[in-house]
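K.L.:
File name protein11.cif; file contents mmCIF, C-alpha atoms and all ligand atoms; full text below.
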data_run
#
loop_
_atom_site.label_atom_id
_atom_site.label_comp_id
_atom_site.auth_asym_id
_atom_site.auth_seq_id
_atom_site.Cartn_x
_atom_site.Cartn_y
_atom_site.Cartn_z
CA MET A 30 -34.69 -1.50 -7.04
CA SER A 31 -33.36 1.19 -9.36
CA ARG A 32 -30.67 0.06 -11.79
CA ILE A 33 -27.39 1.81 -12.55
CA PHE A 34 -25.26 1.41 -15.64
CA SER A 35 -21.81 2.97 -15.81
CA GLY A 36 -18.60 2.33 -17.69
CA ILE A 37 -14.93 3.08 -18.11
CA GLN A 38 -12.98 2.81 -21.34
CA PRO A 39 -9.94 0.53 -21.25
CA THR A 40 -7.77 3.05 -23.06
CA GLY A 41 -4.76 2.65 -20.75
CA ASN A 42 -3.37 4.88 -17.99
CA LEU A 43 -6.26 4.48 -15.55
CA HIS A 44 -5.73 7.44 -13.24
CA LEU A 45 -6.64 9.16 -10.00
CA GLY A 46 -9.43 11.09 -11.77
CA ASN A 47 -11.08 7.85 -12.88
CA TYR A 48 -10.82 6.63 -9.28
CA LEU A 49 -12.04 9.77 -7.45
CA GLY A 50 -14.53 10.75 -10.16
CA ALA A 51 -15.98 7.31 -10.88
CA VAL A 52 -14.88 4.01 -9.31
CA ARG A 53 -14.75 5.19 -5.69
CA ASN A 54 -18.31 6.49 -5.95
CA TRP A 55 -19.56 3.30 -7.55
CA VAL A 56 -18.52 1.47 -4.40
CA LYS A 57 -20.80 3.77 -2.40
CA LEU A 58 -23.77 3.16 -4.72
CA GLN A 59 -23.77 -0.61 -4.28
CA ASP A 60 -26.10 -0.67 -1.29
CA ASP A 61 -28.83 1.43 -2.88
CA PHE A 62 -28.83 0.30 -6.51
CA GLU A 63 -28.55 -2.79 -8.64
CA CYS A 64 -25.31 -1.98 -10.46
CA ILE A 65 -23.96 -2.92 -13.86
CA PHE A 66 -20.38 -1.75 -14.29
CA CYS A 67 -18.90 -2.17 -17.72
CA VAL A 68 -15.42 -2.03 -19.18
CA VAL A 69 -16.47 -0.41 -22.42
CA ASP A 70 -13.96 -1.91 -24.84
CA MET A 71 -16.17 -1.19 -27.87
CA HIS A 72 -16.10 2.50 -27.01
CA ALA A 73 -12.33 2.30 -26.60
CA ILE A 74 -11.77 1.21 -30.22
CA THR A 75 -13.47 4.33 -31.58
CA GLN A 76 -9.87 5.52 -31.48
CA TRP A 77 -6.99 3.17 -32.42
CA GLN A 78 -5.95 0.79 -29.65
CA ASP A 79 -3.09 -1.65 -29.81
CA PRO A 80 -4.84 -5.05 -29.43
CA ALA A 81 -2.53 -6.44 -26.73
CA ALA A 82 -2.72 -3.16 -24.80
CA LEU A 83 -6.52 -3.20 -25.05
CA THR A 84 -6.63 -6.68 -23.52
CA ALA A 85 -4.27 -5.65 -20.72
CA SER A 86 -6.19 -2.43 -20.03
CA THR A 87 -9.48 -4.30 -19.91
CA ARG A 88 -8.10 -6.47 -17.14
CA GLU A 89 -6.57 -3.44 -15.41
CA VAL A 90 -9.89 -1.57 -15.27
CA ALA A 91 -11.69 -4.66 -13.98
CA ALA A 92 -8.97 -5.15 -11.37
CA ALA A 93 -9.31 -1.52 -10.27
CA MET A 94 -13.06 -1.92 -9.79
CA ILE A 95 -12.67 -5.10 -7.75
CA ALA A 96 -9.70 -3.79 -5.74
CA SER A 97 -11.61 -0.59 -4.93
CA GLY A 98 -14.43 -2.61 -3.42
CA VAL A 99 -17.01 -3.25 -6.13
CA ASP A 100 -18.72 -6.53 -5.25
CA ALA A 101 -18.62 -8.56 -8.48
CA LYS A 102 -20.86 -11.28 -7.04
CA LYS A 103 -23.67 -9.03 -5.90
CA HIS A 104 -23.38 -6.71 -8.88
CA ILE A 105 -22.15 -7.12 -12.45
CA ILE A 106 -18.71 -6.35 -13.86
CA PHE A 107 -18.11 -7.31 -17.49
CA ASN A 108 -16.53 -6.10 -20.69
CA GLN A 109 -18.95 -4.73 -23.25
CA SER A 110 -17.89 -6.76 -26.31
CA GLN A 111 -18.97 -10.00 -24.61
CA VAL A 112 -22.62 -8.96 -24.87
CA ALA A 113 -23.42 -8.66 -28.57
CA ALA A 114 -26.74 -6.96 -27.89
CA HIS A 115 -24.89 -3.68 -27.22
CA ALA A 116 -23.87 -3.59 -30.88
CA GLU A 117 -27.29 -4.75 -32.10
CA LEU A 118 -29.13 -2.06 -30.19
CA ALA A 119 -26.58 0.58 -31.15
CA TRP A 120 -27.37 -0.15 -34.80
CA ILE A 121 -31.08 0.30 -34.20
CA PHE A 122 -30.30 3.57 -32.41
CA ASN A 123 -28.13 4.66 -35.36
CA CYS A 124 -31.41 4.57 -37.24
CA VAL A 125 -33.37 6.40 -34.53
CA ALA A 126 -30.95 9.22 -33.65
CA ARG A 127 -30.82 12.17 -36.07
CA LEU A 128 -27.65 13.49 -37.69
CA GLY A 129 -28.45 16.92 -36.34
CA TRP A 130 -28.41 15.56 -32.78
CA LEU A 131 -24.97 13.99 -33.19
CA ASN A 132 -23.61 17.08 -34.92
CA ARG A 133 -24.12 18.95 -31.66
CA MET A 134 -22.00 16.60 -29.53
CA THR A 135 -19.07 18.58 -28.17
CA GLN A 136 -17.00 15.54 -27.18
CA PHE A 137 -16.79 14.44 -30.82
CA LYS A 138 -15.59 17.89 -31.79
CA ASP A 139 -12.99 17.84 -28.99
CA LYS A 140 -11.75 14.34 -29.72
CA ALA A 141 -11.81 14.58 -33.52
CA GLY A 142 -10.05 17.95 -33.37
CA LYS A 143 -9.05 19.61 -36.61
CA ASN A 144 -8.71 16.32 -38.45
CA ARG A 145 -12.46 15.63 -38.42
CA GLU A 146 -12.55 13.94 -41.82
CA ASN A 147 -10.14 11.34 -40.55
CA ALA A 148 -12.06 10.47 -37.35
CA SER A 149 -13.70 7.04 -37.27
CA VAL A 150 -17.42 6.69 -37.91
CA GLY A 151 -17.48 4.90 -34.55
CA LEU A 152 -16.25 8.01 -32.73
CA TYR A 153 -19.07 9.97 -34.30
CA ALA A 154 -21.71 7.35 -33.43
CA TYR A 155 -20.25 6.79 -29.92
CA PRO A 156 -23.22 8.45 -28.14
CA ASN A 157 -25.64 6.01 -29.84
CA LEU A 158 -23.64 3.09 -28.45
CA MET A 159 -23.68 4.74 -25.03
CA ALA A 160 -27.47 5.07 -25.26
CA ALA A 161 -27.63 1.36 -26.14
CA ASP A 162 -25.43 0.47 -23.13
CA ILE A 163 -27.86 2.16 -20.79
CA LEU A 164 -31.20 1.33 -22.38
CA LEU A 165 -30.37 -2.32 -23.11
CA TYR A 166 -30.78 -2.91 -19.37
CA ARG A 167 -33.51 -0.31 -18.93
CA ALA A 168 -31.15 1.36 -16.46
CA THR A 169 -32.88 4.08 -14.47
CA HIS A 170 -29.80 6.00 -13.26
CA VAL A 171 -26.43 6.85 -14.72
CA PRO A 172 -23.67 8.40 -12.60
CA VAL A 173 -22.26 11.07 -14.89
CA GLY A 174 -19.55 13.66 -14.81
CA GLU A 175 -20.03 17.05 -16.49
CA ASP A 176 -18.41 15.73 -19.67
CA GLN A 177 -20.98 12.98 -20.15
CA LYS A 178 -24.12 15.02 -19.42
CA GLN A 179 -24.72 15.85 -23.08
CA HIS A 180 -24.48 12.18 -24.06
CA LEU A 181 -26.98 11.20 -21.39
CA GLU A 182 -29.37 13.87 -22.69
CA LEU A 183 -29.03 12.25 -26.11
CA ALA A 184 -29.82 8.82 -24.63
CA ARG A 185 -32.99 10.33 -23.17
CA ASP A 186 -33.92 11.80 -26.55
CA ILE A 187 -33.31 8.46 -28.27
CA ALA A 188 -35.44 6.63 -25.68
CA ALA A 189 -38.29 9.11 -26.16
CA LYS A 190 -38.10 8.99 -29.97
CA PHE A 191 -38.04 5.18 -30.04
CA ASN A 192 -41.06 5.04 -27.72
CA HIS A 193 -42.87 7.61 -29.86
CA ASP A 194 -41.95 6.23 -33.31
CA PHE A 195 -42.98 2.69 -32.42
CA GLY A 196 -45.98 3.68 -30.30
CA VAL A 197 -44.63 1.97 -27.18
CA GLU A 198 -45.11 4.54 -24.47
CA ASP A 199 -42.77 4.03 -21.49
CA PHE A 200 -40.98 1.07 -23.13
CA PHE A 201 -37.63 2.72 -22.45
CA PRO A 202 -37.42 4.69 -19.21
CA GLN A 203 -35.86 8.14 -19.20
CA PRO A 204 -32.51 7.43 -17.53
CA GLU A 205 -31.75 9.97 -14.83
CA PRO A 206 -28.32 11.50 -14.25
CA LEU A 207 -26.93 10.75 -10.84
CA ILE A 208 -24.82 13.73 -9.89
CA LEU A 209 -22.71 12.67 -6.96
CA GLY A 210 -21.72 15.26 -4.40
CA THR A 211 -18.74 13.10 -3.55
CA ALA A 212 -17.40 12.91 -7.11
CA THR A 213 -14.29 14.98 -7.59
CA ARG A 214 -13.26 16.42 -10.93
CA VAL A 215 -9.51 15.96 -10.89
CA MET A 216 -7.50 18.27 -13.10
CA SER A 217 -4.13 17.80 -14.79
CA LEU A 218 -1.15 18.24 -12.45
CA LYS A 219 0.43 20.39 -15.15
CA ASP A 220 -2.56 22.54 -16.13
CA GLY A 221 -5.36 23.12 -13.64
CA THR A 222 -7.78 24.12 -16.39
CA LYS A 223 -7.63 20.72 -18.15
CA LYS A 224 -9.06 17.52 -16.69
CA MET A 225 -6.68 14.74 -15.75
CA SER A 226 -6.89 12.45 -18.74
CA LYS A 227 -5.67 9.05 -19.90
CA SER A 228 -4.69 10.47 -23.26
CA ASP A 229 -2.67 13.47 -22.03
CA PRO A 230 0.77 13.04 -23.64
CA SER A 231 2.47 14.20 -20.43
CA ALA A 232 2.91 11.33 -17.96
CA LEU A 233 3.53 13.96 -15.25
CA SER A 234 0.01 15.33 -15.74
CA ARG A 235 -1.65 12.36 -14.05
CA ILE A 236 -1.24 9.87 -11.23
CA ASN A 237 -1.80 6.44 -12.69
CA MET A 238 -3.41 3.73 -10.60
CA THR A 239 -0.31 1.64 -11.31
CA ASP A 240 2.21 4.28 -10.12
CA ASP A 241 4.37 3.24 -7.18
CA ALA A 242 4.99 5.43 -4.11
CA ASP A 243 8.09 7.07 -5.62
CA ALA A 244 6.31 7.95 -8.85
CA ILE A 245 3.33 9.40 -6.94
CA ALA A 246 5.63 11.52 -4.73
CA LYS A 247 7.63 12.74 -7.75
CA LYS A 248 4.52 13.72 -9.73
CA ILE A 249 3.04 15.62 -6.78
CA ARG A 250 6.40 17.31 -6.07
CA GLU A 251 6.59 18.43 -9.68
CA ALA A 252 2.92 19.45 -9.93
CA LYS A 253 2.45 23.02 -11.14
CA THR A 254 1.81 25.60 -8.40
CA ASP A 255 2.48 29.32 -8.09
CA PRO A 256 4.86 31.46 -6.00
CA GLU A 257 2.18 32.48 -3.44
CA ALA A 258 1.60 30.65 -0.16
CA LEU A 259 -1.43 28.37 0.24
CA PRO A 260 -4.69 30.37 0.38
CA GLU A 261 -6.26 31.54 3.64
CA ASP A 262 -9.80 30.88 2.41
CA ALA A 263 -11.77 29.61 -0.60
CA LYS A 264 -12.02 33.11 -2.08
CA ALA A 265 -8.24 33.47 -2.14
CA MET A 266 -8.11 30.29 -4.24
CA GLU A 267 -9.90 31.94 -7.16
CA GLY A 268 -7.77 32.23 -10.29
CA ARG A 269 -5.37 29.57 -8.93
CA PRO A 270 -6.69 26.40 -10.62
CA GLU A 271 -3.63 24.25 -9.91
CA VAL A 272 -3.79 25.11 -6.20
CA ALA A 273 -7.53 24.43 -6.10
CA ASN A 274 -6.91 21.08 -7.77
CA LEU A 275 -4.28 19.91 -5.27
CA LEU A 276 -6.39 21.02 -2.31
CA GLY A 277 -9.42 19.30 -3.85
CA ILE A 278 -7.47 16.06 -4.27
CA TYR A 279 -6.36 16.29 -0.64
CA ALA A 280 -9.95 16.83 0.52
CA ALA A 281 -11.24 13.90 -1.55
CA LEU A 282 -8.53 11.50 -0.43
CA SER A 283 -8.89 12.45 3.24
CA ASP A 284 -12.71 12.52 3.10
CA THR A 285 -12.79 16.03 4.56
CA SER A 286 -14.35 19.22 3.28
CA LEU A 287 -12.36 21.58 1.09
CA ASP A 288 -12.84 24.35 3.67
CA ASP A 289 -11.27 22.21 6.37
CA VAL A 290 -8.29 21.42 4.15
CA ILE A 291 -7.84 25.10 3.27
CA ALA A 292 -7.93 25.97 6.99
CA GLN A 293 -5.41 23.23 7.78
CA PHE A 294 -2.78 24.49 5.34
CA ALA A 295 -3.61 28.23 5.22
CA GLY A 296 -0.57 30.43 4.66
CA GLN A 297 1.91 27.53 4.46
CA GLY A 298 4.38 26.93 1.66
CA PHE A 299 3.87 24.22 -0.96
CA GLY A 300 6.86 22.08 0.07
CA ALA A 301 5.31 20.68 3.24
CA PHE A 302 1.81 20.49 1.75
CA LYS A 303 2.98 18.50 -1.26
CA LYS A 304 4.81 16.08 1.01
CA ASP A 305 1.65 15.59 3.12
CA LEU A 306 -0.42 15.15 -0.03
CA ALA A 307 2.00 12.56 -1.42
CA ASP A 308 1.98 10.62 1.87
CA LEU A 309 -1.83 10.72 1.93
CA ALA A 310 -2.11 9.57 -1.70
CA VAL A 311 0.30 6.69 -1.10
CA ALA A 312 -1.50 5.66 2.10
CA LYS A 313 -4.95 5.71 0.43
CA LEU A 314 -4.03 4.27 -2.96
CA GLY A 315 -1.37 1.81 -1.77
CA PRO A 316 -3.70 -0.96 -0.53
CA ILE A 317 -5.88 -0.67 -3.64
CA GLN A 318 -2.82 -0.80 -5.87
CA ASP A 319 -1.44 -3.85 -4.03
CA GLU A 320 -4.73 -5.64 -4.58
CA MET A 321 -4.83 -4.52 -8.23
CA ARG A 322 -1.35 -5.96 -8.78
CA ARG A 323 -2.32 -9.23 -7.14
CA LEU A 324 -5.44 -9.48 -9.31
CA MET A 325 -3.61 -8.57 -12.51
CA ASP A 326 -1.14 -11.38 -11.85
CA ASP A 327 -4.11 -13.76 -11.70
CA THR A 328 -5.54 -13.12 -15.15
CA ALA A 329 -7.56 -16.35 -15.07
CA HIS A 330 -9.50 -15.01 -12.08
CA ILE A 331 -10.23 -11.61 -13.68
CA ASP A 332 -11.28 -13.28 -16.92
CA ALA A 333 -13.63 -15.56 -14.99
CA VAL A 334 -15.19 -12.59 -13.16
CA LEU A 335 -15.76 -10.82 -16.49
CA LYS A 336 -17.23 -13.95 -18.08
CA ASP A 337 -19.58 -14.54 -15.19
CA GLY A 338 -20.63 -10.87 -15.27
CA ALA A 339 -21.27 -11.04 -19.01
CA GLN A 340 -23.43 -14.11 -18.62
CA ARG A 341 -25.61 -12.34 -16.06
CA ALA A 342 -25.69 -9.16 -18.18
CA ARG A 343 -26.82 -11.23 -21.19
CA SER A 344 -29.63 -12.78 -19.21
CA ILE A 345 -30.97 -9.32 -18.26
CA ALA A 346 -30.51 -7.99 -21.79
CA ALA A 347 -31.87 -10.95 -23.78
CA PRO A 348 -35.63 -10.59 -23.08
CA ILE A 349 -35.42 -6.79 -23.48
CA MET A 350 -33.60 -7.18 -26.81
CA THR A 351 -36.18 -9.71 -28.02
CA GLU A 352 -38.95 -7.25 -27.23
CA ILE A 353 -37.07 -4.45 -29.00
CA LYS A 354 -36.63 -6.57 -32.15
CA GLN A 355 -40.29 -7.57 -32.14
CA THR A 356 -41.26 -3.92 -31.68
CA VAL A 357 -39.13 -2.92 -34.67
CA GLY A 358 -40.71 -5.70 -36.74
CA PHE A 359 -37.76 -8.04 -37.19
CA LEU A 360 -38.92 -11.56 -38.11
CA ASN A 361 -38.13 -14.79 -36.25
CA VAL A 362 -36.41 -13.18 -33.27
N1 LIG A 401 -10.16 13.94 -14.47
C1 LIG A 401 -11.26 13.32 -14.07
N2 LIG A 401 -11.86 13.67 -12.91
C2 LIG A 401 -12.96 13.03 -12.49
N3 LIG A 401 -13.55 12.02 -13.15
C3 LIG A 401 -12.99 11.64 -14.31
N4 LIG A 401 -13.31 10.68 -15.20
C4 LIG A 401 -12.42 10.69 -16.21
N5 LIG A 401 -11.50 11.65 -16.00
C5 LIG A 401 -11.82 12.25 -14.83
C6 LIG A 401 -14.45 9.78 -15.06
O1 LIG A 401 -13.99 8.45 -15.23
C7 LIG A 401 -15.01 7.69 -15.85
C8 LIG A 401 -14.48 6.92 -16.99
O2 LIG A 401 -14.06 7.75 -18.01
P1 LIG A 401 -13.79 7.14 -19.45
O3 LIG A 401 -12.82 6.06 -19.37
O4 LIG A 401 -15.07 6.78 -20.09
O5 LIG A 401 -13.19 8.25 -20.32
P2 LIG A 401 -12.98 9.75 -20.16
O6 LIG A 401 -14.00 10.43 -19.33
O7 LIG A 401 -12.80 10.27 -21.53
O8 LIG A 401 -11.64 9.69 -19.34
P3 LIG A 401 -10.24 10.19 -19.73
O9 LIG A 401 -9.33 9.73 -18.68
O10 LIG A 401 -10.24 11.65 -19.99
O11 LIG A 401 -9.89 9.40 -21.04
P4 LIG A 401 -9.46 9.95 -22.45
O12 LIG A 401 -8.18 10.66 -22.23
O13 LIG A 401 -9.28 8.67 -23.23
O14 LIG A 401 -10.54 10.82 -22.96
C9 LIG A 401 -16.14 8.64 -16.23
O15 LIG A 401 -17.16 8.54 -15.26
C10 LIG A 401 -15.48 9.98 -16.16
O16 LIG A 401 -16.38 11.03 -15.82
#
Let me see the file written as structure tokens.

P.N.:
Amino acid sequence: MSRIFSGIQPTGNLHLGNYLGAVRNWVKLQDDFECIFCVVDMHAITQWQDPAALTASTREVAAAMIASGVDAKKHIIFNQSQVAAHAELAWIFNCVARLGWLNRMTQFKDKAGKNRENASVGLYAYPNLMAADILLYRATHVPVGEDQKQHLELARDIAAKFNHDFGVEDFFPQPEPLILGTATRVMSLKDGTKKMSKSDPSALSRINMTDDADAIAKKIREAKTDPEALPEDAKAMEGRPEVANLLGIYAALSDTSLDDVIAQFAGQGFGAFKKDLADLAVAKLGPIQDEMRRLMDDTAHIDAVLKDGAQRARSIAAPIMTEIKQTVGFLNV
């Protein structure tokens, strides 16, 4: 069976975009793939994280996966730092990847911003760790959003260069991107040209997975729109990114096509639509959020799930890591 690796950073504020763009789709992949889902805490610390908040967010992301329907017995859920081989392989890949390759990574430029000199070395080397995450398990498929495509390309380049440099053809597979038709790119509720993001300073820009019904309704009510009525067709939506975003969220949450949602609300005002959208979001997210809360109150259970997952992840990784070390020429591995 083909193997999937995918991850989410426990950087706080897990949001509707993480759910509709990632976790919800993972649930659908479980029947067709062997899945390894990782709370990537080592990626998270490439930017400063308060230690207690990191611990809490790690549990929150795991709870969201379980509450959304990921089967932690059949598949693997664990937090990255429990499997030391991620760091070991990332170091080897630091020595395989070329500076020129990393210099081209747009996410580093975006995240480092103007203060590049002050960014951590970890943020710069982040794509090498991501390549290690995937290749440590010889994963064949990686569900990726647009923003991660460039990093996956880099993982493919690293795999090919390792195979070539050490004369081990096909040792690492070329991991394939899994572009999911059902994945929705959710944009900020305050700016339809920016993706909904954990790190957006405006709390009103995103719906957090921990928001209650009132908070969800308030954020949708206050979401940016424009003075026009809702569009009559998809063409009339052009140049109205905030409107497209809200309609897209409605379509994703109701599992209907965007065209059907446009037809349903064509010509109406935003008041009634926003109320319907808020009711839909509360109805769909509510049961998941209730289960998340229950799980987060039972930290011993979440910790046990993550420990069990890590143990199984280690047992897949260990023989592959031994082979990698032998290939590199490390002694007594
Ligand atoms: N707005 C989004 N719409 C759809 N999918 C999204 N994802 C993130 N934001 C959206 C998907 O969620 C998964 C986990 O993402 P991540 O935690 O690795 O970090 P990210 O992509 O950098 O997410 P954020 O929320 O934007 O975090 P910050 O603000 O810390 O950078 C990925 O599959 C991602 O595509």

K.L.:
Using only C-alpha atoms, which protein or nucleic acid residues come within 6 Å of range 105-113 of chain A? Drop anything in the same chain fewer than 5 positions from it, and give the result as a list in words.

P.N.:
Ile65, Phe66, Cys67, Val68, Val69, Asp70, Leu335, Gly338 and Ala339 of chain A

K.L.:
Kindly give the distance, in Å, that separates CA of Lys336 in chain A and CA of Thr87 in chain A, rounded to a single decimal.

P.N.:
12.5 Å

K.L.:
Output the neighbourhood of ligand LIG 401 (chain A) as an NGL selection string, that is, all protein and nucleic acid residues with some atom at most 8 Å from the ligand, counting all atoms listed in the file.

P.N.:
:A and (35-52 or 69 or 73 or 140 or 172-177 or 212-217 or 224-229)

K.L.:
Can you tell me, as a list in words, what residues are no more than 12 Å from Lys304 in chain A when counting all atoms listed in the file, ignoring any on the same chain fewer than 2 positions away?

P.N.:
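So, after excluding close chain neighbours, the residues are Ala242, Asp243, Ile245, Ala246, Lys247, Lys248, Ile249, Arg250, Glu251, Ala252, Leu275, Tyr279, Gly298, Phe299, Gly300, Ala301, Phe302, Leu306, Ala307, Asp308, Leu309, Ala310 and Val311 of chain A.
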
K.L.:
To one decimal place, how far is CA of Val272 in chain A from CA of Ala295 in chain A in Å?

P.N.:
11.8 Å

K.L.:
Which residue, A:Lys190, A:Arg269, A:Arg133, A:Arg185, has the smallest gap to His170 in chain A when you use all atoms listed in the file?

P.N.:
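Of all the options, A:Arg185 lies closest to His170 in chain A.
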
K.L.:
Fewer than 3 positions away in the same chain doesn't count, so skip those; otherwise give me all residues within 12 Å of Ser97 in chain A, counting all atoms listed in the file, as a list in words.

P.N.:
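Answer for this query is Asn47, Tyr48, Leu49, Ala51, Val52, Arg53, Asn54, Trp55, Val56, Lys57, Glu89, Val90, Ala91, Ala92, Ala93, Met94, Asp100, Ala101, Met238, Lys313, Leu314, Gly315, Pro316, Ile317, Gln318, Asp319, Glu320, Met321 and Leu324 of chain A.
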
K.L.:
Here is a test: counting all atoms listed in the file, which residue of A:Leu58, A:Ala114, A:Phe191, A:Asp241 is nearest to Ala342 in chain A?

P.N.:
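When distances to Ala342 in chain A are compared using all atoms listed in the file, the smallest one comes from A:Ala114.
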
K.L.:
One number please: CA of Phe122 in chain A to CA of Asn157 in chain A, in Å, one decimal.

P.N.:
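Separation between CA of Phe122 in chain A and CA of Asn157 in chain A: 5.9 Å.
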
K.L.:
Between A:Leu128, A:Met266, A:Ala161, A:Val197, which residue has the minimum interatomic distance to His72 in chain A, considering all atoms listed in the file?

P.N.:
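Of A:Leu128, A:Met266, A:Ala161, A:Val197, the one nearest His72 in chain A is A:Ala161, counting all atoms listed in the file.
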
K.L.:
Could you list, as a VMD selection string, every residue within 10 Å of range 202-208 of chain A, counting all atoms listed in the file and ignoring same-chain residues fewer than 5 positions away?

P.N.:
chain A and resid 32 to 34 160 163 to 164 167 to 175 177 to 178 181 to 182 184 to 189 192

K.L.:
Around the point (-4.6, 25.2, -11.6), in the coordinates given by the file, pick out the residues reaching within 9 Å, counting all atoms listed in the file, and return them as a ChimeraX atom specification.

P.N.:
/A:216-223,253-255,268-275

K.L.:
Between A:Ser286, A:Ser234, A:Thr75, A:Thr356, which one has atoms that come closest to Leu158 in chain A, using all atoms listed in the file?

P.N.:
A:Thr75

K.L.:
Select, from A:Asp199, A:Ala96, A:Asp332, A:Tyr166, the residue with the minimum atom-to-atom distance to Ile349 in chain A, counting all atoms listed in the file.

P.N.:
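Closest candidate: A:Tyr166.
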
K.L.:
Have a look at A:Asp262, A:Asp139, A:Asp284, A:Glu267 and name the one nearest to Tyr153 in chain A; count all atoms listed in the file.

P.N.:
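Of A:Asp262, A:Asp139, A:Asp284, A:Glu267, the one nearest Tyr153 in chain A is A:Asp139, counting all atoms listed in the file.
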